[in-house]
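Everything on this sheet refers to the single structure shown next.
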Amino acid sequence: MIPVLIGLGALVGGYLVVTNWEEITGWLKDFLPKIQDALKEIGVGEYAAKLFSSVEDGALRLVHKLYYKENGKWVEKTTTREIDESEVPEWAKAGLSTKEVDVTDRYEKELQLAV
């Protein structure tokens, strides 16, 4: 179980600036199923995840927050990606400000994936 937890830790967490929108969508489509599979493999029954977004200094910031129970305590893991605002489609920028906004439903609908 320890190697799986280490693998989960490697998948989750971190901060990265990416160069184009396809990298963001590719990351989400690859990353999210791996997280869900890893949680199932280690027997985590209770977990939740949300996507948050904001725009600041010409960049869109996308934050994936994963919450799960480990040894009876809730744990939060955060992974962040940033991309130049000019690379982002209008549907992803709509309604954003410098304050984080929950965009989970929007991304699930547009990209047809489960967060």
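Residues are named by chain letter and number: chains run A, B, ... in the order of the structure tokens, numbers start at 1 in each chain, and ligands are numbered from 1 in the order shown.
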
| Selection near segment 103-111 of chain A, 7 Å with only C-alpha atoms, sequence-local residues under 5 positions removed, as a list in words |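 Neighbouring residues, sequence-local ones excluded: Lys50, Leu51, Phe52 and Ser53 of chain A.
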
Output C-alpha atoms of each residue in that selection to a file, as a PDB file, in the first residue's frame.
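New file again10.pdb:
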```
ATOM      1  CA  LYS A  50     -13.205  19.934  -7.434  1.00  0.00           C
ATOM      2  CA  LEU A  51     -11.701  22.203 -10.079  1.00  0.00           C
ATOM      3  CA  PHE A  52     -11.239  25.881  -9.378  1.00  0.00           C
ATOM      4  CA  SER A  53     -10.096  28.585 -11.752  1.00  0.00           C
TER       5      SER A  53
END
```

Please produce, as a tab-separated table, a per-residue contact table for segment 40-61 of chain A versus segment 83-90 of chain A (criterion: any atom at most 12 Å away, only C-alpha atoms considered), showing the nearest atom pair and its distance in Å to one decimal, sorted by chain then residue number.
```
residue	atom	partner	partner_atom	distance
A:Ser53	CA	A:Ile83	CA	11.2
A:Ser54	CA	A:Glu85	CA	10.2
A:Val55	CA	A:Glu85	CA	7.5
A:Glu56	CA	A:Glu85	CA	8.8
A:Asp57	CA	A:Glu85	CA	8.9
A:Gly58	CA	A:Glu85	CA	5.3
A:Ala59	CA	A:Asp84	CA	4.4
A:Leu60	CA	A:Glu85	CA	5.3
A:Arg61	CA	A:Ile83	CA	6.7
```

| query | Which residues, written as number ranges by chain, have at least one atom at most 7 Å from segment 64-77 of chain A, with only C-alpha atoms counted and residues fewer than 3 positions away on the same chain left out? | reply | A: 12-13, 44, 46-52, 80

| request: From chain A, collect each residue whose DSSP state is strand (DSSP E) and return the set as an NGL selection string. | output: :A and (14-17 or 47-56 or 59-70 or 73-84 or 101-102)

Pull N, CA, C and O atoms from the residues just selected and write them as a compact mmCIF listing (two decimals), in the first residue's frame.
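Saved the output as selection_32.txt:
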```
# COMPACT_ATOMS: atom_id res chain seq x y z
N GLY A 14 1.81 19.71 -6.88
CA GLY A 14 2.69 20.35 -7.83
C GLY A 14 2.06 21.53 -8.53
O GLY A 14 0.87 21.77 -8.47
N TYR A 15 2.92 22.24 -9.21
CA TYR A 15 2.55 23.47 -9.89
C TYR A 15 3.30 23.49 -11.21
O TYR A 15 4.50 23.23 -11.24
N LEU A 16 2.61 23.78 -12.28
CA LEU A 16 3.25 23.77 -13.58
C LEU A 16 2.65 24.84 -14.47
O LEU A 16 1.44 25.05 -14.48
N VAL A 17 3.49 25.52 -15.20
CA VAL A 17 3.04 26.46 -16.22
C VAL A 17 3.11 25.71 -17.54
O VAL A 17 4.15 25.14 -17.88
N TYR A 47 -13.98 10.08 -1.05
CA TYR A 47 -13.14 11.14 -1.61
C TYR A 47 -14.00 12.07 -2.44
O TYR A 47 -15.10 11.73 -2.86
N ALA A 48 -13.51 13.26 -2.66
CA ALA A 48 -14.18 14.25 -3.49
C ALA A 48 -13.12 15.06 -4.19
O ALA A 48 -11.98 15.15 -3.72
N ALA A 49 -13.48 15.62 -5.32
CA ALA A 49 -12.55 16.46 -6.06
C ALA A 49 -13.31 17.62 -6.69
O ALA A 49 -14.48 17.47 -7.07
N LYS A 50 -12.64 18.74 -6.82
CA LYS A 50 -13.21 19.93 -7.43
C LYS A 50 -12.13 20.62 -8.26
O LYS A 50 -10.94 20.51 -7.98
N LEU A 51 -12.58 21.35 -9.29
CA LEU A 51 -11.70 22.20 -10.08
C LEU A 51 -12.07 23.65 -9.80
O LEU A 51 -13.25 24.00 -9.79
N PHE A 52 -11.04 24.46 -9.60
CA PHE A 52 -11.24 25.88 -9.38
C PHE A 52 -10.39 26.63 -10.40
O PHE A 52 -9.35 26.13 -10.84
N SER A 53 -10.85 27.82 -10.77
CA SER A 53 -10.10 28.58 -11.75
C SER A 53 -10.16 30.06 -11.41
O SER A 53 -11.10 30.54 -10.76
N SER A 54 -9.14 30.79 -11.85
CA SER A 54 -9.08 32.24 -11.71
C SER A 54 -8.20 32.78 -12.83
O SER A 54 -7.49 32.03 -13.50
N VAL A 55 -8.28 34.09 -13.03
CA VAL A 55 -7.44 34.75 -14.03
C VAL A 55 -6.72 35.89 -13.34
O VAL A 55 -7.34 36.70 -12.65
N GLU A 56 -5.40 35.92 -13.51
CA GLU A 56 -4.62 36.99 -12.90
C GLU A 56 -3.34 37.19 -13.69
O GLU A 56 -2.70 36.22 -14.10
N ALA A 59 -2.90 35.28 -17.00
CA ALA A 59 -2.82 33.82 -17.00
C ALA A 59 -4.06 33.22 -16.34
O ALA A 59 -4.56 33.74 -15.35
N LEU A 60 -4.53 32.11 -16.92
CA LEU A 60 -5.60 31.34 -16.30
C LEU A 60 -4.95 30.33 -15.38
O LEU A 60 -4.00 29.65 -15.76
N ARG A 61 -5.46 30.24 -14.19
CA ARG A 61 -4.95 29.30 -13.19
C ARG A 61 -6.02 28.25 -12.96
O ARG A 61 -7.16 28.58 -12.63
N LEU A 62 -5.69 27.00 -13.14
CA LEU A 62 -6.61 25.89 -12.93
C LEU A 62 -6.08 25.06 -11.77
O LEU A 62 -4.93 24.62 -11.79
N VAL A 63 -6.92 24.87 -10.74
CA VAL A 63 -6.51 24.18 -9.53
C VAL A 63 -7.41 22.97 -9.30
O VAL A 63 -8.63 23.10 -9.23
N HIS A 64 -6.81 21.78 -9.22
CA HIS A 64 -7.54 20.55 -8.90
C HIS A 64 -7.30 20.28 -7.42
O HIS A 64 -6.17 20.17 -6.97
N LYS A 65 -8.40 20.20 -6.65
CA LYS A 65 -8.30 19.91 -5.23
C LYS A 65 -8.95 18.56 -4.97
O LYS A 65 -10.11 18.35 -5.29
N LEU A 66 -8.17 17.66 -4.40
CA LEU A 66 -8.62 16.31 -4.08
C LEU A 66 -8.69 16.18 -2.57
O LEU A 66 -7.75 16.54 -1.86
N TYR A 67 -9.81 15.66 -2.09
CA TYR A 67 -10.01 15.44 -0.66
C TYR A 67 -10.30 13.96 -0.47
O TYR A 67 -11.14 13.39 -1.15
N TYR A 68 -9.59 13.32 0.48
CA TYR A 68 -9.85 11.92 0.77
C TYR A 68 -9.49 11.63 2.23
O TYR A 68 -8.76 12.38 2.86
N LYS A 69 -10.06 10.54 2.73
CA LYS A 69 -9.79 10.14 4.11
C LYS A 69 -8.63 9.17 4.13
O LYS A 69 -8.59 8.21 3.38
N GLU A 70 -7.70 9.44 5.05
CA GLU A 70 -6.55 8.57 5.27
C GLU A 70 -6.35 8.45 6.77
O GLU A 70 -6.19 9.47 7.45
N LYS A 73 -8.59 10.68 8.89
CA LYS A 73 -8.49 12.13 8.78
C LYS A 73 -8.61 12.54 7.31
O LYS A 73 -8.11 11.84 6.42
N TRP A 74 -9.25 13.68 7.07
CA TRP A 74 -9.36 14.19 5.71
C TRP A 74 -8.05 14.83 5.28
O TRP A 74 -7.42 15.56 6.04
N VAL A 75 -7.64 14.53 4.07
CA VAL A 75 -6.42 15.05 3.48
C VAL A 75 -6.80 15.86 2.23
O VAL A 75 -7.70 15.47 1.49
N GLU A 76 -6.13 16.97 2.01
CA GLU A 76 -6.34 17.76 0.80
C GLU A 76 -5.04 17.77 0.01
O GLU A 76 -3.98 18.07 0.54
N LYS A 77 -5.12 17.43 -1.27
CA LYS A 77 -3.99 17.49 -2.19
C LYS A 77 -4.37 18.46 -3.31
O LYS A 77 -5.46 18.38 -3.87
N THR A 78 -3.47 19.34 -3.66
CA THR A 78 -3.74 20.36 -4.66
C THR A 78 -2.72 20.28 -5.79
O THR A 78 -1.53 20.15 -5.54
N THR A 79 -3.23 20.34 -7.01
CA THR A 79 -2.39 20.39 -8.20
C THR A 79 -2.80 21.62 -9.00
O THR A 79 -3.99 21.85 -9.21
N THR A 80 -1.83 22.39 -9.45
CA THR A 80 -2.12 23.65 -10.13
C THR A 80 -1.44 23.70 -11.49
O THR A 80 -0.30 23.27 -11.63
N ARG A 81 -2.18 24.23 -12.46
CA ARG A 81 -1.63 24.48 -13.79
C ARG A 81 -1.97 25.90 -14.17
O ARG A 81 -3.05 26.39 -13.85
N GLU A 82 -1.07 26.57 -14.88
CA GLU A 82 -1.32 27.91 -15.39
C GLU A 82 -1.03 27.95 -16.87
O GLU A 82 -0.15 27.25 -17.36
N ILE A 83 -1.79 28.78 -17.57
CA ILE A 83 -1.62 28.93 -19.01
C ILE A 83 -1.94 30.37 -19.38
O ILE A 83 -2.79 31.01 -18.76
N ASP A 84 -1.26 30.88 -20.39
CA ASP A 84 -1.52 32.23 -20.87
C ASP A 84 -2.98 32.36 -21.25
O ASP A 84 -3.53 31.51 -21.96
N VAL A 101 -12.93 30.41 -8.60
CA VAL A 101 -14.33 30.06 -8.86
C VAL A 101 -14.39 28.56 -9.12
O VAL A 101 -13.54 28.00 -9.81
N ASP A 102 -15.40 27.90 -8.56
CA ASP A 102 -15.60 26.47 -8.79
C ASP A 102 -16.07 26.28 -10.24
O ASP A 102 -17.13 26.76 -10.63
```

| request: Using DSSP on the backbone coordinates, identify the residues of chain A assigned to helix (DSSP H, G or I); present them as a ChimeraX atom specification. | output: /A:2-11,21-41,85-87,90-93,104-111

| request: Would you mind listing what lies within 12 Å of Asp30 of chain A as a PyMOL selection string, with only C-alpha atoms counted and same-chain residues fewer than 5 positions away left out? | output: chain A and resi 11+22-25+35-37+113-115
